[in-house]
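Raw work_25.cif, mmCIF, C-alpha atoms and all ligand atoms:
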data_work
#
loop_
_atom_site.label_atom_id
_atom_site.label_comp_id
_atom_site.auth_asym_id
_atom_site.auth_seq_id
_atom_site.Cartn_x
_atom_site.Cartn_y
_atom_site.Cartn_z
CA MET A 257 104.10 78.01 104.85
CA ALA A 258 107.57 78.50 106.38
CA PRO A 259 109.51 81.42 104.88
CA HIS A 260 112.54 80.80 102.69
CA ILE A 261 115.59 82.18 104.49
CA VAL A 262 118.57 83.08 102.33
CA THR A 263 121.80 84.11 104.07
CA LYS A 264 124.98 85.38 102.41
CA PRO A 265 128.34 86.46 103.85
CA THR A 266 128.53 89.85 102.17
CA ILE A 267 126.19 92.57 100.92
CA ASP A 268 127.46 92.00 97.36
CA GLU A 269 126.54 88.31 97.49
CA LEU A 270 123.23 89.14 99.13
CA SER A 271 122.51 91.60 96.36
CA ILE A 272 123.15 88.95 93.71
CA ALA A 273 120.82 86.47 95.46
CA LEU A 274 118.08 89.09 95.87
CA VAL A 275 118.40 90.26 92.30
CA ASP A 276 118.22 86.69 91.01
CA LEU A 277 114.80 86.50 92.67
CA VAL A 278 113.74 89.91 91.33
CA VAL A 279 114.76 89.03 87.78
CA GLU A 280 113.06 85.62 87.95
CA GLU A 281 109.82 87.10 89.35
CA SER A 282 109.92 89.82 86.72
CA ARG A 283 110.42 87.26 83.92
CA LYS A 284 107.53 85.11 85.19
CA ALA A 285 105.18 88.08 85.63
CA ILE A 286 105.96 89.51 82.20
CA ASN A 287 105.38 86.10 80.58
CA ALA A 288 102.05 85.75 82.37
CA ARG A 289 100.71 89.32 82.43
CA ASP A 290 103.01 91.37 80.21
CA ARG A 291 104.08 93.60 83.12
CA PHE A 292 105.87 93.37 86.45
CA THR A 293 104.48 95.15 89.51
CA ILE A 294 106.95 95.78 92.32
CA GLY A 295 106.80 97.73 95.58
CA LEU A 296 110.01 99.19 97.01
CA SER A 297 110.88 100.38 100.51
CA GLY A 298 113.40 102.82 101.94
CA GLY A 299 116.22 102.27 104.43
CA SER A 300 119.14 100.15 103.25
CA LEU A 301 117.05 98.17 100.78
CA PRO A 302 117.48 100.35 97.65
CA LYS A 303 121.27 100.10 97.90
CA VAL A 304 121.30 96.32 98.45
CA LEU A 305 118.92 95.92 95.51
CA ALA A 306 120.73 98.28 93.16
CA THR A 307 124.23 96.94 93.81
CA ASP A 308 123.63 94.06 91.41
CA LEU A 309 120.40 95.08 89.65
CA LYS A 310 121.75 98.21 87.97
CA ASP A 311 124.21 96.16 85.93
CA ARG A 312 121.81 93.41 84.86
CA GLU A 313 121.03 93.30 81.18
CA ASP A 314 118.36 90.57 81.29
CA VAL A 315 115.58 92.89 82.51
CA GLU A 316 112.66 94.28 80.50
CA TRP A 317 112.62 97.63 82.29
CA ASP A 318 109.83 99.03 80.13
CA LYS A 319 107.44 96.42 81.55
CA TRP A 320 108.00 97.41 85.18
CA GLN A 321 105.40 99.23 87.27
CA VAL A 322 107.01 100.57 90.44
CA PHE A 323 105.25 101.68 93.61
CA PHE A 324 106.50 102.50 97.10
CA CYS A 325 105.42 100.28 100.00
CA ASP A 326 105.62 103.35 102.16
CA GLU A 327 106.59 106.96 101.65
CA ARG A 328 107.38 109.86 103.90
CA LEU A 329 105.12 112.86 103.21
CA VAL A 330 107.90 115.22 102.25
CA PRO A 331 108.70 116.79 98.86
CA LEU A 332 110.20 114.29 96.42
CA ASP A 333 113.49 116.20 96.39
CA SER A 334 113.80 116.04 100.18
CA GLU A 335 116.64 113.98 101.66
CA ASP A 336 113.91 112.17 103.66
CA SER A 337 112.08 110.93 100.55
CA ASN A 338 112.13 107.18 99.88
CA TYR A 339 111.62 108.03 96.20
CA LEU A 340 114.77 110.18 96.11
CA LEU A 341 116.74 107.36 97.75
CA CYS A 342 115.50 104.84 95.15
CA LYS A 343 116.13 107.35 92.36
CA ARG A 344 119.76 107.88 93.34
CA GLU A 345 120.42 104.18 93.90
CA LEU A 346 118.43 102.68 91.03
CA PHE A 347 116.21 104.82 88.81
CA ASP A 348 119.10 107.05 87.70
CA HIS A 349 120.93 103.97 86.42
CA VAL A 350 118.25 101.91 84.65
CA PRO A 351 115.71 102.77 81.93
CA ILE A 352 112.40 102.33 83.79
CA PRO A 353 110.00 104.73 82.00
CA PRO A 354 109.33 107.60 84.47
CA GLU A 355 105.55 107.29 84.03
CA ARG A 356 105.86 103.75 85.40
CA ILE A 357 107.40 104.95 88.67
CA HIS A 358 104.42 105.85 90.85
CA THR A 359 105.24 108.47 93.46
CA ILE A 360 103.10 110.49 95.81
CA ASN A 361 101.87 113.59 94.01
CA ASN A 362 104.50 116.20 94.80
CA GLU A 363 102.09 119.05 94.11
CA LEU A 364 99.89 117.95 96.99
CA ILE A 365 102.68 118.02 99.58
CA PRO A 366 102.60 121.25 101.63
CA LYS A 367 106.01 122.96 101.78
CA ASP A 368 105.25 123.78 105.38
CA GLN A 369 104.59 120.68 107.53
CA ASP A 370 102.22 122.77 109.71
CA ALA A 371 99.96 123.18 106.68
CA PHE A 372 98.99 119.49 106.74
CA THR A 373 95.30 118.92 107.33
CA GLU A 374 93.11 115.82 107.20
CA GLU A 375 91.90 116.94 103.75
CA VAL A 376 95.45 117.22 102.43
CA SER A 377 96.46 113.76 103.65
CA GLN A 378 93.24 112.29 102.21
CA GLU A 379 93.95 113.92 98.84
CA ILE A 380 97.45 112.40 98.82
CA ILE A 381 96.07 108.95 99.62
CA ASP A 382 93.27 109.24 97.05
CA ASP A 383 95.80 110.20 94.41
CA TYR A 384 98.07 107.26 95.25
CA GLU A 385 95.15 104.81 95.30
CA LYS A 386 94.03 106.14 91.93
CA GLN A 387 97.44 105.25 90.51
CA LEU A 388 97.11 101.75 92.01
CA ILE A 389 93.60 101.36 90.59
CA GLU A 390 94.76 102.40 87.13
CA VAL A 391 97.49 99.76 87.14
CA PHE A 392 95.68 96.93 88.91
CA ALA A 393 91.96 97.25 88.23
CA CYS A 394 92.18 96.03 84.66
CA VAL A 395 93.75 92.67 85.49
CA ASN A 396 92.86 91.90 89.09
CA ALA A 397 89.14 91.60 89.69
CA VAL A 398 89.88 91.41 93.40
CA LYS A 399 89.44 93.52 96.46
CA PHE A 400 93.15 94.32 96.81
CA PRO A 401 95.98 94.91 94.36
CA VAL A 402 98.07 91.77 93.88
CA PHE A 403 101.72 92.79 93.48
CA ASP A 404 104.14 90.46 91.80
CA LEU A 405 106.82 91.37 94.34
CA LEU A 406 107.08 93.55 97.43
CA LEU A 407 110.52 94.30 98.87
CA LEU A 408 110.45 95.23 102.55
CA GLY A 409 112.88 96.26 105.25
CA ILE A 410 112.57 95.87 109.00
CA GLY A 411 113.44 98.22 111.81
CA PRO A 412 115.07 97.05 115.05
CA ASP A 413 111.61 97.46 116.64
CA GLY A 414 110.07 95.00 114.13
CA HIS A 415 108.32 97.66 112.03
CA THR A 416 107.96 97.21 108.31
CA CYS A 417 106.65 99.71 105.76
CA SER A 418 105.28 102.41 108.10
CA LEU A 419 103.48 99.83 110.21
CA PHE A 420 104.79 100.20 113.75
CA PRO A 421 104.41 97.94 116.81
CA GLY A 422 101.18 98.50 118.73
CA HIS A 423 99.78 100.97 116.18
CA SER A 424 96.09 100.82 115.29
CA LEU A 425 97.00 100.57 111.56
CA LEU A 426 97.92 96.94 112.19
CA ASP A 427 94.17 96.23 112.45
CA GLU A 428 93.32 97.90 109.13
CA SER A 429 91.37 95.44 107.02
CA SER A 430 89.91 97.37 104.09
CA LEU A 431 92.10 100.34 103.08
CA TRP A 432 94.86 99.87 100.48
CA VAL A 433 96.93 102.85 101.56
CA ALA A 434 96.80 104.41 105.01
CA TYR A 435 98.01 107.67 106.49
CA ILE A 436 100.08 107.79 109.65
CA GLU A 437 100.87 111.10 111.34
CA ASP A 438 102.53 109.78 114.48
CA SER A 439 105.33 107.58 113.19
CA PRO A 440 107.70 106.93 116.08
CA LYS A 441 110.53 107.09 113.53
CA PRO A 442 110.85 110.54 111.96
CA PRO A 443 109.50 112.05 109.83
CA PRO A 444 106.11 111.52 111.51
CA ARG A 445 103.82 111.86 108.46
CA ARG A 446 103.81 109.00 105.99
CA ILE A 447 101.60 106.82 103.86
CA THR A 448 101.92 103.06 103.90
CA PHE A 449 100.53 99.96 102.26
CA THR A 450 98.29 98.13 104.68
CA LEU A 451 98.77 94.50 105.77
CA PRO A 452 96.00 93.18 103.45
CA VAL A 453 97.82 94.68 100.44
CA ILE A 454 101.14 93.19 101.57
CA ASN A 455 99.56 89.80 102.25
CA HIS A 456 97.87 89.64 98.83
CA ALA A 457 101.21 89.81 96.97
CA HIS A 458 102.50 86.87 94.94
CA THR A 459 105.91 87.22 96.58
CA VAL A 460 107.18 89.25 99.53
CA ALA A 461 110.88 89.52 100.36
CA PHE A 462 112.37 91.10 103.45
CA VAL A 463 115.96 92.31 103.33
CA ALA A 464 117.89 92.86 106.56
CA THR A 465 121.59 93.41 107.08
CA GLY A 466 123.94 94.17 109.94
CA ALA A 467 124.32 93.12 113.57
CA GLY A 468 121.67 95.63 114.67
CA LYS A 469 118.97 93.29 113.30
CA GLN A 470 120.05 90.12 115.17
CA ASP A 471 117.72 90.38 118.13
CA VAL A 472 114.64 91.44 116.24
CA LEU A 473 115.18 88.65 113.70
CA CYS A 474 115.24 86.08 116.52
CA LYS A 475 111.95 87.50 117.81
CA ILE A 476 110.31 87.57 114.38
CA LEU A 477 111.52 84.23 113.08
CA GLU A 478 111.98 82.12 116.18
CA GLU A 479 109.60 83.32 118.87
CA ASP A 480 105.87 82.77 119.07
CA GLY A 481 104.71 86.29 119.96
CA LYS A 482 102.70 87.58 117.03
CA ASP A 483 102.68 91.24 117.90
CA LEU A 484 105.48 92.62 115.73
CA PRO A 485 104.37 94.11 112.40
CA ALA A 486 106.86 92.00 110.42
CA GLN A 487 105.37 88.84 111.99
CA LEU A 488 101.98 89.79 110.54
CA VAL A 489 103.38 89.60 107.01
CA LYS A 490 102.12 86.23 105.79
CA PRO A 491 101.16 86.23 102.13
CA SER A 492 97.87 84.33 101.93
CA HIS A 493 98.66 82.69 98.59
CA GLY A 494 102.20 83.87 98.01
CA ARG A 495 105.78 83.13 98.99
CA LEU A 496 107.75 84.83 101.75
CA TYR A 497 111.54 85.26 101.64
CA TRP A 498 114.07 86.66 104.08
CA PHE A 499 117.38 87.83 102.59
CA LEU A 500 119.94 88.27 105.39
CA ASP A 501 123.64 88.87 105.56
CA ASP A 502 125.63 86.69 107.97
CA LYS A 503 125.87 89.50 110.50
CA ALA A 504 122.10 89.89 110.72
CA ALA A 505 121.54 86.12 110.80
CA ALA A 506 124.25 85.38 113.38
CA LYS A 507 121.89 84.60 116.28
CA LEU A 508 119.33 82.56 114.34
CA THR A 509 119.31 78.84 115.04
CA SER A 510 117.08 78.00 112.06
CA LYS A 511 119.15 79.53 109.26
O1 LIG B 601 110.54 104.96 106.00
C1 LIG B 601 111.40 104.54 106.76
O2 LIG B 601 111.62 105.01 107.88
C2 LIG B 601 112.28 103.42 106.29
O3 LIG B 601 111.86 103.01 105.03
C3 LIG B 601 112.23 102.25 107.26
O4 LIG B 601 110.96 101.69 107.38
C4 LIG B 601 113.27 101.21 106.89
O5 LIG B 601 112.86 100.49 105.77
C5 LIG B 601 113.54 100.26 108.02
O6 LIG B 601 113.74 100.98 109.19
C6 LIG B 601 114.76 99.42 107.73
O7 LIG B 601 115.83 100.28 107.54
P1 LIG B 601 117.31 99.74 107.31
O8 LIG B 601 117.21 98.75 106.23
O9 LIG B 601 118.08 100.95 106.93
O10 LIG B 601 117.73 99.16 108.60
#

Rewrite the structure from the file as structure tokens, please.
Ligand SMILES: O=C(O)[C@H](O)[C@@H](O)[C@H](O)[C@H](O)COP(=O)(O)O
Amino acid sequence: MAPHIVTKPTIDELSIALVDLVVEESRKAINARDRFTIGLSGGSLPKVLATDLKDREDVEWDKWQVFFCDERLVPLDSEDSNYLLCKRELFDHVPIPPERIHTINNELIPKDQDAFTEEVSQEIIDDYEKQLIEVFACVNAVKFPVFDLLLLGIGPDGHTCSLFPGHSLLDESSLWVAYIEDSPKPPPRRITFTLPVINHAHTVAFVATGAGKQDVLCKILEEDGKDLPAQLVKPSHGRLYWFLDDKAAAKLTSK
């Protein structure tokens, strides 16, 4: 199914359009399953999301279950942490119960990056998967968690989550969460949802802003090559949205 492309002139208007979708998906999920499962990403996304979302009053925050589509393996109070970014932009301003915000286990993160071993990274992944299992296993008798909504960014190279062009993780077909230690974008050690998890979601929405995304958006949305990670995001039973500001969308012919 073709993606829905939403373009808006300004970040403020884009935020309102994105948040309308978030609030609607949250309402539908809570009506159907009494909870709303959402995956967030880093980059500019938390700010675009929070601009309008933090002032909305029609949200049942205590029914949210929040995960991170990818996370850098740094302490949660590090400036590199996607959690810290989301906390400053959103969590500090809305009453999501802290136990419903699922972070990597800070106690497992070595203070010294040289202390990382295969065992440590596996422990971090096992812990994160356990949190996913606790939330999803009771309602989804399926092989993969089915998120209500995943919010993703893209890099100028076409990466999304911590899935980078040409990386072997693009072929992962059974893991839920994978470890990457050679991310071309620093910091190098991260965990990421795999493509099967992303593609099992009910709804996936990309958010991209600024002129720096024009060329990669043309490649992703208007060229046939299927080798960029963002092009491999195709929810098997769900809907796919692209939320773009006019600057990012300027070179698209199909907008
Ligand atoms: O962990 C990361 O390095 C970021 O989360 C990254 O994947 C980001 O989401 C994209 O690069 C888009 O970033 P912008 O929205 O800031 O362009």

Exercise. Tell me which protein, DNA and RNA residues are within 12 Å of Thr459 of chain A, counting all atoms listed in the file, leaving out same-chain ones fewer than 5 positions away, and put them as a PyMOL selection string.
Key: chain A and resi 259-260+277-278+280-282+284-285+292-295+402-408+453-454+489-498

Quiz prompt | Pairwise distance for atom O9 of ligand LIG 601 (chain B) and atom CA of Arg291 of chain A, rounded to one decimal in Å | solution = 28.6 Å

Find the residues of chain A that sit at most 6 Å from ligand LIG 601 (chain B); for each, write down the nearest two atoms and how far apart they are in Å, to one decimal. Count all atoms listed in the file. Sort by chain, then by number going up, and give it as CSV.
residue,atom,partner,partner_atom,distance
A:Ser297,CA,B:LIG601,O3,5.3
A:Gly298,CA,B:LIG601,O3,3.5
A:Gly299,CA,B:LIG601,O9,3.4
A:Ser300,CA,B:LIG601,O8,3.8
A:Leu301,CA,B:LIG601,O8,5.5
A:Gly409,CA,B:LIG601,O5,4.3
A:Ile410,CA,B:LIG601,C6,4.4
A:Gly411,CA,B:LIG601,O6,3.8
A:Thr416,CA,B:LIG601,O4,5.5
A:Cys417,CA,B:LIG601,O4,5.0
A:Ser418,CA,B:LIG601,O4,5.8
A:Ala464,CA,B:LIG601,O8,5.9

Quiz item: Using only C-alpha atoms, can you list as a count of residues only the residues within 12 Å of (104.5, 123.1, 100.7)?
Solution: 18

Self-check item: Å distance separating atom CA of Arg328 of chain A from atom CA of Arg445 of chain A, one decimal place
Solution: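 One can read the atom CA of Arg328 of chain A to atom CA of Arg445 of chain A distance as 6.1 Å.
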
Quiz item: Separation of atom CA of Pro421 of chain A and atom CA of Lys441 of chain A, in Å?
Solution: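 Going from atom CA of Pro421 of chain A over to atom CA of Lys441 of chain A covers 11.5 Å.
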
Practice problem: Fewer than 2 positions away in the same chain doesn't count, so skip those; otherwise give me all residues within 6 Å of Ala467 of chain A, counting all atoms listed in the file, as a PyMOL selection string. | Solution: chain A and resi 469-470+503-504

Quiz item: Which residue out of A:Asp483, A:Asp348, A:Glu269, A:Asp276 has the minimum interatomic distance to Arg312 of chain A when all atoms listed in the file are used?
Solution: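 Counting all atoms listed in the file, the residue closest to Arg312 of chain A is A:Asp276.
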
Exercise. Would you mind listing what lies within 9 Å of Gly414 of chain A as number ranges by chain, with all atoms listed in the file counted and same-chain residues fewer than 3 positions away left out?
Key: A: 410-411, 420-421, 472-473, 475-476, 484-487

Atoms kept (C-alpha atoms) for selection, written as a short mmCIF file (atom, residue, chain, number, x, y, z; two decimals), in the coordinates of the input:
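Saved as part.cif:
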data_model
loop_
_atom_site.label_atom_id
_atom_site.label_comp_id
_atom_site.auth_asym_id
_atom_site.auth_seq_id
_atom_site.Cartn_x
_atom_site.Cartn_y
_atom_site.Cartn_z
CA ILE A 410 112.57 95.87 109.00
CA GLY A 411 113.44 98.22 111.81
CA PHE A 420 104.79 100.20 113.75
CA PRO A 421 104.41 97.94 116.81
CA VAL A 472 114.64 91.44 116.24
CA LEU A 473 115.18 88.65 113.70
CA LYS A 475 111.95 87.50 117.81
CA ILE A 476 110.31 87.57 114.38
CA LEU A 484 105.48 92.62 115.73
CA PRO A 485 104.37 94.11 112.40
CA ALA A 486 106.86 92.00 110.42
CA GLN A 487 105.37 88.84 111.99
#

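Nearest to Ala306 of chain A of all the residues A:Phe462, A:Tyr435, A:Phe449, A:Phe347 is A:Phe347, based on all atoms listed in the file.
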
Practice problem: Compare A:Val322, A:Pro412, A:Ser430, A:Cys474 by their minimum atom-to-atom distance to Gln387 of chain A, counting all atoms listed in the file, and give me the closest one. | Solution: A:Val322

Box for segment 366-383 of chain A - axis-aligned, 8 Å on each of the six sides, all listed atoms - centre and size in Å to one decimal, as JSON.
{"center_x": 99.0, "center_y": 116.4, "center_z": 102.1, "size_x": 30.1, "size_y": 30.8, "size_z": 31.3}
